[in-house]
Amino acid sequence: MSNDDEFFDAVTGLESDESCEGLSEASFKDAQGIDSSSQKNNGSVPQENGIKKHRTSLPAPMFSRNNISVWSILKKCIGLELSKITMPIAFNEPLSFLQRITEYMEHTYLINRTSSMSDSIERMRAVAAFAVSAVASQWDRTGKPFNPLLGETYELIREDQDFRIVSEQVSHHPPVSAFHAESLAGDFVFHGSIYPKLKFWGKSVEAEPKGTITLELLKHSEAYTWSNPNCCVHNVILGKLWIEQYGTVEIVNHSTGDKCVLNFKPCGMFGKELHKVEGYIQDKSKKKLAVIYGKWTECMWSVDPQAYEAHKKSEKKGDNKKQKNDELEGAENDDADDMPEVQETVSVVPGSTLLWRIDSRPAHSSVMYNFTNFAMCLNELEPGMEAILPHTDCRFRPDIRAMENSNMDEASKEKERLEEKQRAARKERAKRDEEWSTRWFQMGTNPYTGSQDWIYTGGYFNRNYQDLPDIY
């Protein structure tokens with residue numbers, strides 16, 4: 001089997017905590033005449049007082065990774081991109097990358113709030129908080145999502161959170177996932193395409209989620225664009241796995257010229273900066289109007305720039321003594337990148353406004369891939385869904401379903417079968433000189449950035465799913 005034929009398993013988006021599922025209850029009843037409140041499936045919970053409940057756990061706890069070594073696979077890949085490296089399935093989590101992208105939507109309430117905000121800077125604060133919250137679920141998520149098969153799709157409709165989203169794997173080499181989300185009330189459109197690039201650096205894997213994300217606030221005729229920060233998974237060979245995100249995220253309001261620059265800080269030598277995010281909002285004349293700070297694993301605050309600078313100066317005096325003591329105690333470790341000790345919670349500057357706070361994870365999260373409540377039900381298959389969803393939906397992938405049920409042997413066999421089927425289909429297209437044709441997205445130009453982007457062509461929710469590829 002050649003390297004070009006190897007199947008890509010992204011470590012990416014290594015992207016918290018309410019609930020989740022797919023189609024609305026009304027859709028199921030219309031299609032099947034099924035009363036979903038009387039049935040359970042895959043750990044799902046029935047309706048209570050008219051409110052749709054979602055499952056709160058996976059069908060089975062995760063498989064132990066303790067006896068698996070990846071050194072024999074990765075030792076020849078130092079400094080290289082990992083787009084053609086097959087990893088043992090034990091290092092996956094039972095979600096497709098399309099489902100992982102859907103976790104961007106967990107804190108949609110932050111976007112919904114903007115409808116009632118008359119001030120553009122106030123709206124930028126909310127958008128910045130949403131951009132940080134969109135990657136918060138990656139905290140401790142060291143499992144790799146399954147790379148989507150070409151033509152794979154995923155949808156999620158959440159009437160309780162006022163959104164619906166559809167995504168499609170539009171390219172395999174390079175792997176590109178496109179998504180389109182919209183408010184059910186018509187308040188916003190949120191879309192983008194992600195091309196994850198990964199490199200192995202000996203003890204760590206670095207993921208660069210290339211691609212532009214666009215948020216349109218329709219009521220205010222505003223459009224915002226940004227790209228996600230880089231992510232690094234440490235100790236993939238030896239030691240305890242841990243994650244940091246770093247890099248500059250620049251959010252641009254293309255209607256007003258306002259800009260928010262967020263610095264996701266690397267942990268640093270003594271881990272003092274671990275998980276920290278600091279930045280500012282400026283208007284088109286580059287005047288700083290607000291400071292935004294916090295941790296992407298915890299919360300984000302906003303405060304006046306002068307108050308923030310005064311607070312930082314007073315903090316610095318006390319930090320100088322502590323840093324000297326830390327330097328005396330620090331030691332080099334060539335075997336593993338020791339996870340820095342998590343510092344005390346965010347130090348709140350007087351006069352700050354809370355923008356967002358992460359939700360608690362379920363008590364059993366650590367034995368279920370560190371999933372949030374929202375992630376826990378992304379692969380939930382409700383009675384009646386089979387009659388509504390296209391057969392390309394991630395929920396029908398047999399390898400992910402087997403892994404979710406902790407049947408690792410079956411999951412591994414199914415994954416291999418799907419990879420072979422995808423390779424055979426590609427060879428057949430090449431023999432016929434046929435190009436792959438995407439169904440719900442097409443390559444176009446982002447009207448706000450001028451760069452190439454995958455644009456949703458519409459029609460998915462009309463439920464006309466004829467002539468879809470047989471990928472499973």
# chains A, B, ... in the order shown; residues from 1 in each chain; ligands from 1
call {"tool": "residues_around", "arguments": {"residues": "Ser204 in chain A", "least_positions_apart": "5", "cutoff": "7 Å", "atoms": "only C-alpha atoms", "output": "PyMOL selection string"}}
result
chain A and resi 232-236
call {"tool": "residues_around", "arguments": {"residues": "range 144-155 of chain A", "least_positions_apart": "6", "cutoff": "6 Å", "atoms": "only C-alpha atoms", "output": "ChimeraX atom specification"}}
result
/A:9-11,92-93,95-97,165-169,172,392-394
call {"tool": "residues_around", "arguments": {"residues": "Ile400 in chain A", "least_positions_apart": "4", "cutoff": "7 Å", "atoms": "only C-alpha atoms", "output": "count of residues only"}}
result
4
call {"tool": "select_by_dssp", "arguments": {"residues": "range 263-310 of chain A", "states": "alpha helix (DSSP H)", "output": "list in words"}}
result
Pro305, Gln306, Ala307, Tyr308, Glu309 and Ala310 of chain A
call {"tool": "write_last_selection", "arguments": {"atoms": "C-alpha atoms", "output": "compact mmCIF listing (two decimals), in the first residue's frame"}}
result
# COMPACT_ATOMS: atom_id res chain seq x y z
CA PRO A 305 -7.52 49.23 28.72
CA GLN A 306 -6.25 51.67 31.37
CA ALA A 307 -7.60 49.56 34.24
CA TYR A 308 -5.99 46.47 32.71
CA GLU A 309 -2.55 48.06 32.33
CA ALA A 310 -2.60 49.35 35.92
call {"tool": "closest_residue", "arguments": {"among": "A:Ala387, A:Ala430, A:Val346, A:Val176", "to": "Gly211 in chain A", "atoms": "only C-alpha atoms"}}
result
A:Val176
call {"tool": "closest_residue", "arguments": {"among": "A:Ala60, A:Tyr448, A:Ile358, A:Met385", "to": "Ala402 in chain A", "atoms": "only C-alpha atoms"}}
result
A:Ala60
call {"tool": "closest_residue", "arguments": {"among": "A:His220, A:Arg100, A:Arg397, A:Lys199", "to": "Ser115 in chain A", "atoms": "only C-alpha atoms"}}
result
A:His220
call {"tool": "residues_around", "arguments": {"residues": "Val291 in chain A", "least_positions_apart": "3", "cutoff": "7 Å", "atoms": "only C-alpha atoms", "output": "list in words"}}
result
Gly279, Tyr280, Ile281, Ser302, Val303, Asp304 and Pro305 of chain A
call {"tool": "residues_around", "arguments": {"residues": "Ile121 in chain A", "least_positions_apart": "3", "cutoff": "12 Å", "atoms": "only C-alpha atoms", "output": "JSON, numbers by chain"}}
result
{"A": [114, 117, 118, 124, 125, 126, 127, 128, 252, 253, 256, 257, 258, 259, 260, 280, 281, 282, 283, 284, 288, 289, 290, 291, 292, 302]}
call {"tool": "residues_around", "arguments": {"residues": "Asn112 in chain A", "least_positions_apart": "5", "cutoff": "10 Å", "atoms": "only C-alpha atoms", "output": "PyMOL selection string"}}
result
chain A and resi 107+117+126+161-163+183+185+187-188+217
call {"tool": "atom_distance", "arguments": {"atom1": "CA of Met368 in chain A", "atom2": "CA of Phe179 in chain A"}}
result
25.9 Å
call {"tool": "select_by_dssp", "arguments": {"residues": "range 74-301 of chain A", "states": "strand (DSSP E)", "output": "number ranges by chain"}}
result
A: 92-96, 144-146, 153-158, 163-171, 176-183, 188-200, 204-210, 213-217, 222-226, 230-234, 242-253, 259-264, 276-282, 288-295, 299-301
call {"tool": "closest_residue", "arguments": {"among": "A:Leu355, A:Leu184, A:Ala178, A:Cys267", "to": "Ala131 in chain A", "atoms": "only C-alpha atoms"}}
result
A:Leu355
call {"tool": "decode", "arguments": {"residues": "range 371-383 of chain A", "atoms": "N, CA and C atoms", "output": "PDB file, in the first residue's frame"}}
result
ATOM      1  N   PHE A 371     -15.167  13.834  26.789  1.00  0.00           N
ATOM      2  CA  PHE A 371     -16.237  14.519  26.065  1.00  0.00           C
ATOM      3  C   PHE A 371     -16.970  15.489  26.987  1.00  0.00           C
ATOM      4  N   THR A 372     -17.441  16.574  26.386  1.00  0.00           N
ATOM      5  CA  THR A 372     -18.370  17.464  27.064  1.00  0.00           C
ATOM      6  C   THR A 372     -19.775  16.862  26.941  1.00  0.00           C
ATOM      7  N   ASN A 373     -20.723  17.477  27.629  1.00  0.00           N
ATOM      8  CA  ASN A 373     -22.106  17.014  27.472  1.00  0.00           C
ATOM      9  C   ASN A 373     -22.575  17.178  26.032  1.00  0.00           C
ATOM     10  N   PHE A 374     -22.161  18.254  25.400  1.00  0.00           N
ATOM     11  CA  PHE A 374     -22.547  18.512  24.014  1.00  0.00           C
ATOM     12  C   PHE A 374     -21.977  17.432  23.093  1.00  0.00           C
ATOM     13  N   ALA A 375     -20.692  17.109  23.279  1.00  0.00           N
ATOM     14  CA  ALA A 375     -20.046  16.100  22.427  1.00  0.00           C
ATOM     15  C   ALA A 375     -20.625  14.710  22.661  1.00  0.00           C
ATOM     16  N   MET A 376     -21.088  14.470  23.883  1.00  0.00           N
ATOM     17  CA  MET A 376     -21.556  13.138  24.260  1.00  0.00           C
ATOM     18  C   MET A 376     -22.688  12.643  23.360  1.00  0.00           C
ATOM     19  N   CYS A 377     -23.449  13.556  22.806  1.00  0.00           N
ATOM     20  CA  CYS A 377     -24.615  13.120  22.025  1.00  0.00           C
ATOM     21  C   CYS A 377     -24.527  13.448  20.544  1.00  0.00           C
ATOM     22  N   LEU A 378     -23.354  13.853  20.065  1.00  0.00           N
ATOM     23  CA  LEU A 378     -23.223  14.175  18.640  1.00  0.00           C
ATOM     24  C   LEU A 378     -23.428  12.955  17.749  1.00  0.00           C
ATOM     25  N   ASN A 379     -23.102  11.771  18.253  1.00  0.00           N
ATOM     26  CA  ASN A 379     -23.263  10.561  17.445  1.00  0.00           C
ATOM     27  C   ASN A 379     -24.516   9.779  17.822  1.00  0.00           C
ATOM     28  N   GLU A 380     -25.375  10.386  18.602  1.00  0.00           N
ATOM     29  CA  GLU A 380     -26.613   9.736  19.030  1.00  0.00           C
ATOM     30  C   GLU A 380     -27.525   9.509  17.830  1.00  0.00           C
ATOM     31  N   LEU A 381     -28.036   8.304  17.705  1.00  0.00           N
ATOM     32  CA  LEU A 381     -28.923   7.950  16.587  1.00  0.00           C
ATOM     33  C   LEU A 381     -30.307   7.669  17.138  1.00  0.00           C
ATOM     34  N   GLU A 382     -31.202   8.625  16.929  1.00  0.00           N
ATOM     35  CA  GLU A 382     -32.561   8.522  17.449  1.00  0.00           C
ATOM     36  C   GLU A 382     -33.434   7.648  16.559  1.00  0.00           C
ATOM     37  N   PRO A 383     -34.452   7.022  17.125  1.00  0.00           N
ATOM     38  CA  PRO A 383     -35.414   6.307  16.289  1.00  0.00           C
ATOM     39  C   PRO A 383     -36.031   7.256  15.269  1.00  0.00           C
TER      40      PRO A 383
END
